[in-house]
Amino acid sequence: MSADERKYDEKLPPRRRDAVPEPFILVIFGASGDLTRRKLIPAVYSLFRQGFGPEKFSVVGFARRPQTDAGFAEAMRRGIETFARAKTADEPKDLWARFAARLFYHRGEFHEPKDYQSLRERLEGMAKKDGVPGNYIFYLATQPDFFGPIAERLREAGLTRSNAQGSPWSRLIIEKPFGHDLASARELNRFLQSAFAEGQVFRIDHYLGKEAVQNILVFRFANSIFEPIWNQKYVDHVQITMSEEIGVEGRGPYYDKMGALRDMVQNHMMNLLSFVAMESPMDVSSRAVRDEKVKVLQSLRAIPRVCAVNGVVRAQYAAGTCRGKPVPGYRQEPGVAPGSLTETFVAFKANVDNWRWAGVPFYLRTGKRLPRRLTQISVHFKPVPQILFNADPEKQLPPNTLTLRIQPDEGIFLRFQQKVPGMAMDIQPFEMQFGYGAAFGKPPPEAYERLLLDAAFGDSTLFIRNDEVEAAWEYLDPIIEGCSGARGGQLPTYPAGTWGPKEADDLIRADGREWAAADAGPSQPSAGEPEGADY
Ligand SMILES: NC(=O)c1ccc[n+]([C@@H]2O[C@H](COP(=O)([O-])OP(=O)(O)OC[C@H]3O[C@@H](n4cnc5c(N)ncnc54)[C@H](OP(=O)(O)O)[C@@H]3O)[C@@H](O)[C@H]2O)c1
């Protein structure tokens with residue numbers, strides 16, 4: 001890591017709860033797209049109305065279609081009305097007017113150098129008019145093929161300022177996927193680093209913006225009672241489940257090239273696994289936290305290609321029923337090849353080969369068109385000895401389980417045995433519940449709000465570093481290669497609306513275990529829980 005990169009990776013001073021970042025201009029490439037109106041602008045608006053936006057900040061949308069500033073602002077207002085938690089109609093009129101006055105549109109073509117020259121002139125003019133340093137955040141809300149070319153054009157236009165930490169600064173935010181295998185991820189990293197220093201690049205995995213994910217570190221390292229038992233001596237195994245109720249939702253052509261391993265496991269699941277398995281970082285700096293995450297990924301036992309064929313369950317959803325309505329199978333979805341062998345479900349066993357986790361399997365499963373939207377990590381502790389209350393071999397006590405629920409109904413649930421009141425020694429498992437909603441009386445902030453604000457402060461702790469991306473691909477590449485062409489070109493199927501194929505149950509049952517039921521905590525999704533996409 002160069003001295004310049006180290007500067008970016010330094011520990012930032014603790015941020016006051018109401019701190020506001022320096023003035024900046026957020027330039028969104030792909031501003032007429034879905035991500036911008038669904039997630040980004042609602043998040044920026046929410047930050048603005050909560051007072052986190054600096055007074056002199058602006059948003060410049062960059063896309064191909066002709067549009068005026070006012071037309072862009074109107075499209076963004078409609079996005080906020082549809083997707084934001086707070087609607088513009090609920091706000092004092094001048095709030096929206098003040099926000100809309102900071103929205104601009106720049107028509108341009110991603111490959112065209114002259115459009116970047118005119119962008120530069122425009123940005124410089126805006127900063128000068130506002131009397132602020134020209135700090136820029138470039139957000140690439142585009143297809144990944146454009147990441148390299150846009151970074152290159154920004155560099156040519158002199159907009160990257162790759163050696164400056166102090167103001168004015170430039171930062172780049174990109175969305176997953178970060179490559180589709182190790183080679184393409186390395187190439188992308190090389191491309192980006194030829195334009196920006198690594199410390200200027202903020203790779204978003206929006207899961208890390210979720211309050212319940214950040215809380216994993218607090219739960220583990222701000223309490224004294226969990227860390228001593230967080231190891232192979234007490235933990236039998238860990239399960240990570242990410243289930244989606246939705247299918248491919250109009251993203252058929254994209255998803256068919258990706259599949260669950262690339263779309264969910266490489267990023268979201270590897271991040272959850274790292275947070276659960278990592279050692280305590282030296283401090284909360286981005287370098288220390290990410291160093292520990294990388295070590296976990298580097299400790300994952302390689303799954304040889306031949307094992308991937310046999311030990312990794314991949315499957316596709318067939319037609320079935322979702323929320324009482326019939327839904328088509330994956331191969332019937334628009335944009336999906338009729339004979340597609342892309343997996344919409346995957347389950348496998350990972351091993352973290354270090355002293356803490358030796359012999360503790362981590363079972364991972366994720367899929368589309370499963371019965372409910374759920375992301376949770378369950379830590380299954382070893383059973384009590386077969387003596388005393390557990391002496392009957394026919395009636396073993398279920399072991400203690402700690403569930404970290406990421407979504408929906410974020411919370412932590414601990415299952416333990418209790419004596420049932422009465423004359424007999426009846427023992428039953430009960431659950432102690434901590435729910436964010438009940439504890440704090442309000443839902444946690446949106447992930448994009450937190451991440452955009454962190455990027456504006458230059459805090460990259462919750463973003464993915466280049467070596468994390470590469471370590472995750474290094475682990476997954478042989479699995480993906482080993483699986484392609486597996487089983488003579490056939491994939492097992494599961495009816496939409498079920499918990500995946502029988503093979504996934506066989507996988508965990510072969511070790512004498514069962515998948516955790518999805519009913520820890522509140523048994524049903526909260527009222528109004530959106531059937532949202534997780535990307
Ligand atoms: N949608 C989500 O909620 C979401 C969530 C997480 C991640 N993502 C990822 O974010 C990325 C963007 O997704 P999206 O759904 O917003 O895409 P999208 O709806 O297809 O929008 C693409 C945008 O790129 C612009 N564009 C395309 N080619 C261009 C060119 N050659 N020059 C200039 N502008 C060009 C389009 O402008 P014109 O239409 O004006 O041509 C449009 O603004 C994808 O990689 C996606 O996987 C999306």
# chains A, B, ... in the order shown; residues from 1 in each chain; ligands from 1
>>> residues_around(residues="Pro66 of chain A", least_positions_apart="2", cutoff="9 Å", atoms="only C-alpha atoms", output="count of residues only")
6
>>> residues_around(residues="segment 275-283 of chain A", least_positions_apart="5", cutoff="8 Å", atoms="only C-alpha atoms", output="list in words")
Val213, Ile216, Leu217, Phe221, Ala288, Val289, Asp291, Glu292, Lys293, Lys295, Val296 and Trp357 of chain A
>>> residues_near_ligand(ligand="ligand 1", cutoff="8 Å", atoms="only C-alpha atoms and all ligand atoms", output="PyMOL selection string")
chain A and resi 29-39+62-66+107-111+140-144+146+175-177+206+254+533-535
>>> write_last_selection(atoms="C-alpha atoms", output="compact mmCIF listing (two decimals), in the first residue's frame")
# COMPACT_ATOMS: atom_id res chain seq x y z
CA PHE A 29 -23.66 8.34 -13.73
CA GLY A 30 -26.78 6.52 -14.92
CA ALA A 31 -29.05 9.08 -13.26
CA SER A 32 -32.12 8.25 -15.33
CA GLY A 33 -31.93 4.60 -14.16
CA ASP A 34 -33.80 2.60 -11.61
CA LEU A 35 -31.15 2.62 -8.86
CA THR A 36 -31.04 6.42 -8.82
CA ARG A 37 -34.75 7.00 -8.38
CA ARG A 38 -35.36 3.93 -6.20
CA LYS A 39 -32.47 4.18 -3.75
CA PHE A 62 -25.39 12.24 -15.85
CA ALA A 63 -27.14 10.10 -18.49
CA ARG A 64 -27.82 9.90 -22.19
CA ARG A 65 -31.41 11.02 -22.66
CA PRO A 66 -32.13 14.72 -23.20
CA ARG A 107 -26.56 15.02 -20.69
CA GLY A 108 -23.65 12.87 -21.77
CA GLU A 109 -22.41 9.63 -23.25
CA PHE A 110 -20.23 7.46 -20.98
CA HIS A 111 -17.57 6.93 -23.65
CA LEU A 140 -21.46 4.83 -10.93
CA ALA A 141 -25.10 3.68 -10.98
CA THR A 142 -24.42 1.91 -14.26
CA GLN A 143 -23.91 -1.52 -15.68
CA PRO A 144 -20.48 -2.78 -14.53
CA PHE A 146 -18.98 1.02 -17.82
CA GLU A 175 -22.00 -0.99 -7.05
CA LYS A 176 -21.50 -4.73 -7.23
CA PRO A 177 -20.82 -6.89 -9.17
CA HIS A 206 -25.43 -2.24 0.80
CA TYR A 254 -28.48 -9.95 -16.01
CA ALA A 533 -35.27 -6.76 -4.14
CA ASP A 534 -31.93 -7.36 -2.48
CA TYR A 535 -29.61 -7.20 -5.45
>>> closest_residue(among="A:Val27, A:Met76, A:Ala222, A:Val238", to="Arg513 of chain A", atoms="only C-alpha atoms")
A:Val238
>>> residues_around(residues="Val336 of chain A", least_positions_apart="6", cutoff="10 Å", atoms="only C-alpha atoms", output="list in words")
Val248, Gly250, Arg251, Gly252, Pro253, Tyr254, Tyr255, Asp256, Lys257, Tyr330 and Thr342 of chain A
>>> write_last_selection(atoms="C-alpha atoms", output="mmCIF file, in the first residue's frame")
data_model
loop_
_atom_site.group_PDB
_atom_site.id
_atom_site.type_symbol
_atom_site.label_atom_id
_atom_site.label_comp_id
_atom_site.auth_asym_id
_atom_site.auth_seq_id
_atom_site.Cartn_x
_atom_site.Cartn_y
_atom_site.Cartn_z
ATOM 1 C CA VAL A 248 -35.706 -12.291 -11.082
ATOM 2 C CA GLY A 250 -37.257 -8.114 -14.878
ATOM 3 C CA ARG A 251 -33.524 -8.708 -14.370
ATOM 4 C CA GLY A 252 -33.568 -12.011 -16.274
ATOM 5 C CA PRO A 253 -30.765 -11.274 -18.785
ATOM 6 C CA TYR A 254 -28.479 -9.952 -16.014
ATOM 7 C CA TYR A 255 -29.256 -12.695 -13.508
ATOM 8 C CA ASP A 256 -28.899 -15.469 -16.049
ATOM 9 C CA LYS A 257 -25.238 -14.494 -16.481
ATOM 10 C CA TYR A 330 -37.057 -19.598 -13.687
ATOM 11 C CA THR A 342 -27.925 -20.797 -13.917
#
>>> closest_atom_pairs(of="segment 348-453 of chain A", to="segment 472-480 of chain A", cutoff="12 Å", atoms="only C-alpha atoms", output="tab-separated table")
residue	atom	partner	partner_atom	distance
A:Phe348	CA	A:Ile479	CA	10.0
A:Lys349	CA	A:Ile479	CA	11.5
A:Ala350	CA	A:Tyr475	CA	10.1
A:Asn351	CA	A:Tyr475	CA	11.2
A:Val352	CA	A:Tyr475	CA	11.4
>>> write_last_selection(atoms="N, CA, C and O atoms", output="PDB file, in the first residue's frame")
ATOM      1  N   PHE A 348     -24.131 -24.721   0.612  1.00  0.00           N
ATOM      2  CA  PHE A 348     -22.877 -25.468   0.762  1.00  0.00           C
ATOM      3  C   PHE A 348     -22.297 -25.235   2.149  1.00  0.00           C
ATOM      4  O   PHE A 348     -22.773 -24.388   2.916  1.00  0.00           O
ATOM      5  N   LYS A 349     -21.267 -26.020   2.428  1.00  0.00           N
ATOM      6  CA  LYS A 349     -20.630 -25.955   3.744  1.00  0.00           C
ATOM      7  C   LYS A 349     -19.253 -25.322   3.582  1.00  0.00           C
ATOM      8  O   LYS A 349     -18.463 -25.773   2.751  1.00  0.00           O
ATOM      9  N   ALA A 350     -19.003 -24.264   4.373  1.00  0.00           N
ATOM     10  CA  ALA A 350     -17.688 -23.611   4.331  1.00  0.00           C
ATOM     11  C   ALA A 350     -16.960 -23.910   5.640  1.00  0.00           C
ATOM     12  O   ALA A 350     -17.594 -24.097   6.683  1.00  0.00           O
ATOM     13  N   ASN A 351     -15.634 -23.951   5.564  1.00  0.00           N
ATOM     14  CA  ASN A 351     -14.827 -24.151   6.781  1.00  0.00           C
ATOM     15  C   ASN A 351     -13.805 -23.037   6.895  1.00  0.00           C
ATOM     16  O   ASN A 351     -13.115 -22.731   5.914  1.00  0.00           O
ATOM     17  N   VAL A 352     -13.729 -22.443   8.075  1.00  0.00           N
ATOM     18  CA  VAL A 352     -12.742 -21.391   8.316  1.00  0.00           C
ATOM     19  C   VAL A 352     -11.585 -22.062   9.056  1.00  0.00           C
ATOM     20  O   VAL A 352     -11.727 -22.455  10.222  1.00  0.00           O
TER      21      VAL A 352
END
>>> select_by_dssp(residues="segment 310-500 of chain A", states="helix (DSSP H, G or I)", output="short mmCIF file (atom, residue, chain, number, x, y, z; two decimals) with N, CA and C atoms, in the first residue's frame")
data_model
loop_
_atom_site.label_atom_id
_atom_site.label_comp_id
_atom_site.auth_asym_id
_atom_site.auth_seq_id
_atom_site.Cartn_x
_atom_site.Cartn_y
_atom_site.Cartn_z
N ASN A 310 -19.82 -32.19 -6.04
CA ASN A 310 -20.56 -33.08 -5.14
C ASN A 310 -21.08 -32.40 -3.88
N GLY A 311 -20.36 -31.41 -3.39
CA GLY A 311 -20.71 -30.87 -2.08
C GLY A 311 -21.42 -29.53 -2.12
N TYR A 330 -38.16 -20.49 -13.28
CA TYR A 330 -37.06 -19.60 -13.69
C TYR A 330 -36.88 -19.58 -15.20
N ARG A 331 -36.92 -20.75 -15.83
CA ARG A 331 -36.66 -20.80 -17.27
C ARG A 331 -37.78 -20.17 -18.09
N GLN A 332 -38.90 -19.91 -17.45
CA GLN A 332 -39.99 -19.23 -18.16
C GLN A 332 -39.96 -17.72 -17.94
N LEU A 388 -28.08 -35.90 33.40
CA LEU A 388 -29.01 -35.04 34.12
C LEU A 388 -30.28 -34.79 33.31
N PHE A 389 -30.56 -33.56 32.89
CA PHE A 389 -31.80 -33.27 32.15
C PHE A 389 -31.75 -33.78 30.71
N ASN A 390 -30.55 -34.16 30.28
CA ASN A 390 -30.41 -34.57 28.88
C ASN A 390 -30.04 -36.06 28.78
N TYR A 436 -35.08 -4.46 17.18
CA TYR A 436 -34.73 -3.05 17.01
C TYR A 436 -35.94 -2.13 17.11
N GLY A 437 -37.01 -2.54 16.39
CA GLY A 437 -38.20 -1.69 16.35
C GLY A 437 -38.72 -1.43 17.75
N ALA A 438 -38.87 -2.51 18.55
CA ALA A 438 -39.43 -2.37 19.90
C ALA A 438 -38.45 -1.61 20.80
N ALA A 439 -37.15 -1.87 20.65
CA ALA A 439 -36.17 -1.28 21.56
C ALA A 439 -35.99 0.21 21.32
N PHE A 440 -36.00 0.60 20.07
CA PHE A 440 -35.67 2.00 19.78
C PHE A 440 -36.86 2.81 19.26
N ALA A 447 -29.90 1.64 4.46
CA ALA A 447 -28.47 1.36 4.24
C ALA A 447 -27.81 2.42 3.36
N TYR A 448 -28.50 2.84 2.31
CA TYR A 448 -27.88 3.80 1.38
C TYR A 448 -27.63 5.15 2.05
N GLU A 449 -28.48 5.51 3.01
CA GLU A 449 -28.27 6.79 3.72
C GLU A 449 -26.95 6.73 4.46
N ARG A 450 -26.78 5.67 5.22
CA ARG A 450 -25.57 5.53 6.02
C ARG A 450 -24.32 5.52 5.13
N LEU A 451 -24.41 4.76 4.03
CA LEU A 451 -23.22 4.57 3.20
C LEU A 451 -22.86 5.84 2.44
N LEU A 452 -23.89 6.55 1.95
CA LEU A 452 -23.59 7.80 1.25
C LEU A 452 -22.96 8.82 2.20
N LEU A 453 -23.48 8.86 3.41
CA LEU A 453 -22.92 9.81 4.37
C LEU A 453 -21.47 9.43 4.72
N ASP A 454 -21.22 8.14 4.92
CA ASP A 454 -19.85 7.70 5.21
C ASP A 454 -18.91 8.08 4.08
N ALA A 455 -19.36 7.89 2.84
CA ALA A 455 -18.50 8.23 1.70
C ALA A 455 -18.22 9.73 1.69
N ALA A 456 -19.22 10.53 2.04
CA ALA A 456 -19.00 11.99 2.07
C ALA A 456 -17.99 12.37 3.16
N PHE A 457 -17.93 11.58 4.22
CA PHE A 457 -16.93 11.83 5.27
C PHE A 457 -15.60 11.16 4.95
N ASN A 466 -10.18 -3.67 -2.25
CA ASN A 466 -9.83 -4.52 -3.40
C ASN A 466 -9.41 -5.93 -2.99
N ASP A 467 -8.63 -6.05 -1.91
CA ASP A 467 -8.16 -7.39 -1.54
C ASP A 467 -9.30 -8.26 -0.99
N GLU A 468 -10.34 -7.63 -0.43
CA GLU A 468 -11.50 -8.42 0.01
C GLU A 468 -12.21 -9.01 -1.20
N VAL A 469 -12.38 -8.18 -2.22
CA VAL A 469 -13.05 -8.65 -3.44
C VAL A 469 -12.28 -9.84 -4.01
N GLU A 470 -10.97 -9.68 -4.08
CA GLU A 470 -10.17 -10.72 -4.72
C GLU A 470 -10.14 -12.00 -3.88
N ALA A 471 -10.07 -11.84 -2.55
CA ALA A 471 -10.05 -13.04 -1.69
C ALA A 471 -11.37 -13.82 -1.82
N ALA A 472 -12.47 -13.09 -1.93
CA ALA A 472 -13.77 -13.78 -2.07
C ALA A 472 -13.83 -14.53 -3.40
N TRP A 473 -13.33 -13.90 -4.46
CA TRP A 473 -13.33 -14.60 -5.77
C TRP A 473 -12.37 -15.77 -5.76
N GLU A 474 -11.25 -15.61 -5.08
CA GLU A 474 -10.27 -16.69 -5.04
C GLU A 474 -10.93 -17.95 -4.46
N TYR A 475 -11.77 -17.75 -3.48
CA TYR A 475 -12.47 -18.87 -2.85
C TYR A 475 -13.56 -19.42 -3.76
N LEU A 476 -14.28 -18.51 -4.42
CA LEU A 476 -15.46 -18.96 -5.18
C LEU A 476 -15.17 -19.46 -6.58
N ASP A 477 -14.11 -18.97 -7.18
CA ASP A 477 -13.81 -19.36 -8.57
C ASP A 477 -13.81 -20.88 -8.77
N PRO A 478 -13.05 -21.65 -7.94
CA PRO A 478 -13.05 -23.10 -8.16
C PRO A 478 -14.44 -23.71 -7.94
N ILE A 479 -15.21 -23.14 -7.03
CA ILE A 479 -16.56 -23.68 -6.79
C ILE A 479 -17.41 -23.48 -8.05
N ILE A 480 -17.34 -22.27 -8.58
CA ILE A 480 -18.16 -21.97 -9.77
C ILE A 480 -17.70 -22.83 -10.95
N GLU A 481 -16.39 -22.90 -11.10
CA GLU A 481 -15.87 -23.73 -12.21
C GLU A 481 -16.25 -25.19 -12.02
N GLY A 482 -16.10 -25.66 -10.78
CA GLY A 482 -16.41 -27.06 -10.50
C GLY A 482 -17.87 -27.38 -10.72
N CYS A 483 -18.72 -26.37 -10.54
CA CYS A 483 -20.16 -26.62 -10.67
C CYS A 483 -20.62 -26.53 -12.11
N ALA A 486 -21.88 -29.46 -14.16
CA ALA A 486 -22.09 -30.57 -13.23
C ALA A 486 -23.34 -31.36 -13.57
N ARG A 487 -23.39 -32.56 -13.06
CA ARG A 487 -24.57 -33.43 -13.18
C ARG A 487 -25.09 -33.54 -14.61
N GLY A 488 -24.17 -33.66 -15.55
CA GLY A 488 -24.57 -33.89 -16.94
C GLY A 488 -25.50 -32.82 -17.47
N GLY A 489 -25.25 -31.57 -17.06
CA GLY A 489 -26.06 -30.48 -17.61
C GLY A 489 -27.45 -30.39 -17.00
#
>>> closest_residue(among="A:Arg465, A:Arg365, A:Lys502, A:Arg186", to="Arg203 of chain A", atoms="only C-alpha atoms")
A:Arg465
>>> atom_distance(atom1="atom CA of Gly71 of chain A", atom2="atom CA of Ala100 of chain A")
10.5 Å
>>> select_by_dssp(residues="segment 255-338 of chain A", states="strand (DSSP E or B)", output="list in words")
Leu300, Val313, Arg314, Ala315, Gln316, Tyr317, Ala318, Gly320, Thr321, Cys322, Lys325, Pro326 and Val327 of chain A
>>> residues_around(residues="Leu364 of chain A", least_positions_apart="3", cutoff="10 Å", atoms="only C-alpha atoms", output="ChimeraX atom specification")
/A:238-242,265,269-270,273,312,346-350,361,377,515
>>> residues_around(residues="Ser194 of chain A", least_positions_apart="2", cutoff="10 Å", atoms="only C-alpha atoms", output="PyMOL selection string")
chain A and resi 148+151-152+155+162+188-192+196-198
>>> residues_around(residues="Gln376 of chain A", least_positions_apart="5", cutoff="10 Å", atoms="only C-alpha atoms", output="CSV table (one decimal) with C-alpha atoms, in the first residue's frame")
chain,number,residue,atom,x,y,z
A,212,ALA,CA,-28.1,-5.1,12.1
A,213,VAL,CA,-24.9,-6.0,10.3
A,239,GLN,CA,-25.9,-21.2,9.5
A,240,ILE,CA,-26.3,-18.2,7.2
A,241,THR,CA,-29.5,-17.9,5.3
A,242,MET,CA,-30.4,-15.3,2.7
A,243,SER,CA,-33.8,-16.1,1.2
A,272,LEU,CA,-21.8,-11.7,6.8
A,403,THR,CA,-30.1,-15.8,15.9
A,404,LEU,CA,-28.8,-12.6,14.5
A,405,ARG,CA,-31.7,-11.4,12.3
A,406,ILE,CA,-30.6,-9.0,9.6
A,407,GLN,CA,-33.9,-8.5,7.9
A,408,PRO,CA,-36.8,-8.2,8.2
A,410,GLU,CA,-34.0,-6.9,12.8
A,411,GLY,CA,-33.1,-8.3,16.1
A,412,ILE,CA,-31.3,-10.9,18.2
A,516,ALA,CA,-32.7,-23.7,11.3
A,518,ALA,CA,-37.2,-19.5,9.8
A,520,ALA,CA,-37.0,-17.3,15.4
>>> closest_residue(among="A:Pro92, A:Asn354, A:Ser484, A:Lys87", to="Val309 of chain A", atoms="only C-alpha atoms")
A:Ser484
>>> closest_residue(among="A:Arg323, A:Val384, A:His237, A:Phe138", to="Asp511 of chain A", atoms="only C-alpha atoms")
A:His237
>>> atom_distance(atom1="atom CA of Cys322 of chain A", atom2="atom CA of Glu244 of chain A")
11.1 Å
>>> residues_around(residues="Glu124 of chain A", least_positions_apart="4", cutoff="12 Å", atoms="only C-alpha atoms", output="VMD selection string")
chain A and resid 24 to 25 117 to 120 128 to 136 158 to 159 168
>>> closest_residue(among="A:Ile246, A:Ala318, A:Leu154, A:Ala358", to="Ser299 of chain A", atoms="only C-alpha atoms")
A:Ala358
>>> decode(residues="segment 446-521 of chain A", atoms="C-alpha atoms", output="PDB file, in the first residue's frame")
ATOM      1  CA  GLU A 446     -31.786   2.966   5.208  1.00  0.00           C
ATOM      2  CA  ALA A 447     -28.473   1.360   4.244  1.00  0.00           C
ATOM      3  CA  TYR A 448     -27.879   3.799   1.382  1.00  0.00           C
ATOM      4  CA  GLU A 449     -28.267   6.789   3.719  1.00  0.00           C
ATOM      5  CA  ARG A 450     -25.571   5.531   6.023  1.00  0.00           C
ATOM      6  CA  LEU A 451     -23.215   4.567   3.202  1.00  0.00           C
ATOM      7  CA  LEU A 452     -23.592   7.804   1.246  1.00  0.00           C
ATOM      8  CA  LEU A 453     -22.918   9.809   4.374  1.00  0.00           C
ATOM      9  CA  ASP A 454     -19.850   7.698   5.205  1.00  0.00           C
ATOM     10  CA  ALA A 455     -18.501   8.231   1.695  1.00  0.00           C
ATOM     11  CA  ALA A 456     -19.004  11.986   2.071  1.00  0.00           C
ATOM     12  CA  PHE A 457     -16.932  11.826   5.273  1.00  0.00           C
ATOM     13  CA  GLY A 458     -14.328   9.643   3.552  1.00  0.00           C
ATOM     14  CA  ASP A 459     -14.960   6.743   5.939  1.00  0.00           C
ATOM     15  CA  SER A 460     -14.493   3.496   4.013  1.00  0.00           C
ATOM     16  CA  THR A 461     -14.944   1.045   6.910  1.00  0.00           C
ATOM     17  CA  LEU A 462     -18.264  -0.232   5.553  1.00  0.00           C
ATOM     18  CA  PHE A 463     -17.052  -0.466   1.966  1.00  0.00           C
ATOM     19  CA  ILE A 464     -15.225  -3.349   0.315  1.00  0.00           C
ATOM     20  CA  ARG A 465     -11.480  -3.112  -0.271  1.00  0.00           C
ATOM     21  CA  ASN A 466      -9.825  -4.516  -3.404  1.00  0.00           C
ATOM     22  CA  ASP A 467      -8.162  -7.390  -1.543  1.00  0.00           C
ATOM     23  CA  GLU A 468     -11.502  -8.423   0.013  1.00  0.00           C
ATOM     24  CA  VAL A 469     -13.049  -8.651  -3.435  1.00  0.00           C
ATOM     25  CA  GLU A 470     -10.172 -10.724  -4.720  1.00  0.00           C
ATOM     26  CA  ALA A 471     -10.050 -13.041  -1.690  1.00  0.00           C
ATOM     27  CA  ALA A 472     -13.766 -13.782  -2.066  1.00  0.00           C
ATOM     28  CA  TRP A 473     -13.333 -14.596  -5.767  1.00  0.00           C
ATOM     29  CA  GLU A 474     -10.268 -16.691  -5.039  1.00  0.00           C
ATOM     30  CA  TYR A 475     -12.466 -18.870  -2.847  1.00  0.00           C
ATOM     31  CA  LEU A 476     -15.459 -18.960  -5.178  1.00  0.00           C
ATOM     32  CA  ASP A 477     -13.814 -19.359  -8.566  1.00  0.00           C
ATOM     33  CA  PRO A 478     -13.053 -23.103  -8.159  1.00  0.00           C
ATOM     34  CA  ILE A 479     -16.562 -23.683  -6.794  1.00  0.00           C
ATOM     35  CA  ILE A 480     -18.162 -21.972  -9.766  1.00  0.00           C
ATOM     36  CA  GLU A 481     -15.868 -23.727 -12.213  1.00  0.00           C
ATOM     37  CA  GLY A 482     -16.412 -27.064 -10.496  1.00  0.00           C
ATOM     38  CA  CYS A 483     -20.156 -26.622 -10.670  1.00  0.00           C
ATOM     39  CA  SER A 484     -20.435 -25.577 -14.279  1.00  0.00           C
ATOM     40  CA  GLY A 485     -21.366 -28.540 -16.376  1.00  0.00           C
ATOM     41  CA  ALA A 486     -22.085 -30.566 -13.229  1.00  0.00           C
ATOM     42  CA  ARG A 487     -24.566 -33.435 -13.181  1.00  0.00           C
ATOM     43  CA  GLY A 488     -24.567 -33.888 -16.937  1.00  0.00           C
ATOM     44  CA  GLY A 489     -26.060 -30.484 -17.613  1.00  0.00           C
ATOM     45  CA  GLN A 490     -28.981 -30.950 -15.200  1.00  0.00           C
ATOM     46  CA  LEU A 491     -29.898 -28.898 -12.177  1.00  0.00           C
ATOM     47  CA  PRO A 492     -32.290 -30.034  -9.478  1.00  0.00           C
ATOM     48  CA  THR A 493     -35.401 -27.897  -9.241  1.00  0.00           C
ATOM     49  CA  TYR A 494     -37.620 -26.812  -6.383  1.00  0.00           C
ATOM     50  CA  PRO A 495     -41.154 -25.516  -6.632  1.00  0.00           C
ATOM     51  CA  ALA A 496     -41.341 -21.731  -6.181  1.00  0.00           C
ATOM     52  CA  GLY A 497     -42.521 -20.992  -2.658  1.00  0.00           C
ATOM     53  CA  THR A 498     -40.604 -23.853  -0.977  1.00  0.00           C
ATOM     54  CA  TRP A 499     -37.310 -23.929   0.954  1.00  0.00           C
ATOM     55  CA  GLY A 500     -35.211 -25.277  -1.900  1.00  0.00           C
ATOM     56  CA  PRO A 501     -34.424 -28.752  -3.188  1.00  0.00           C
ATOM     57  CA  LYS A 502     -34.263 -31.961  -1.184  1.00  0.00           C
ATOM     58  CA  GLU A 503     -30.510 -32.057  -1.903  1.00  0.00           C
ATOM     59  CA  ALA A 504     -30.028 -29.034   0.380  1.00  0.00           C
ATOM     60  CA  ASP A 505     -31.647 -30.914   3.256  1.00  0.00           C
ATOM     61  CA  ASP A 506     -29.539 -33.978   2.465  1.00  0.00           C
ATOM     62  CA  LEU A 507     -26.391 -31.812   2.582  1.00  0.00           C
ATOM     63  CA  ILE A 508     -26.880 -30.753   6.199  1.00  0.00           C
ATOM     64  CA  ARG A 509     -28.547 -33.999   7.334  1.00  0.00           C
ATOM     65  CA  ALA A 510     -25.458 -35.905   6.207  1.00  0.00           C
ATOM     66  CA  ASP A 511     -23.737 -34.149   9.144  1.00  0.00           C
ATOM     67  CA  GLY A 512     -26.599 -34.984  11.523  1.00  0.00           C
ATOM     68  CA  ARG A 513     -27.968 -31.428  11.513  1.00  0.00           C
ATOM     69  CA  GLU A 514     -31.035 -29.558  10.230  1.00  0.00           C
ATOM     70  CA  TRP A 515     -31.539 -26.148   8.683  1.00  0.00           C
ATOM     71  CA  ALA A 516     -32.707 -23.681  11.293  1.00  0.00           C
ATOM     72  CA  ALA A 517     -36.405 -22.948  11.101  1.00  0.00           C
ATOM     73  CA  ALA A 518     -37.177 -19.473   9.845  1.00  0.00           C
ATOM     74  CA  ASP A 519     -39.345 -18.769  12.832  1.00  0.00           C
ATOM     75  CA  ALA A 520     -36.961 -17.273  15.390  1.00  0.00           C
ATOM     76  CA  GLY A 521     -38.236 -13.922  16.602  1.00  0.00           C
TER      77      GLY A 521
END
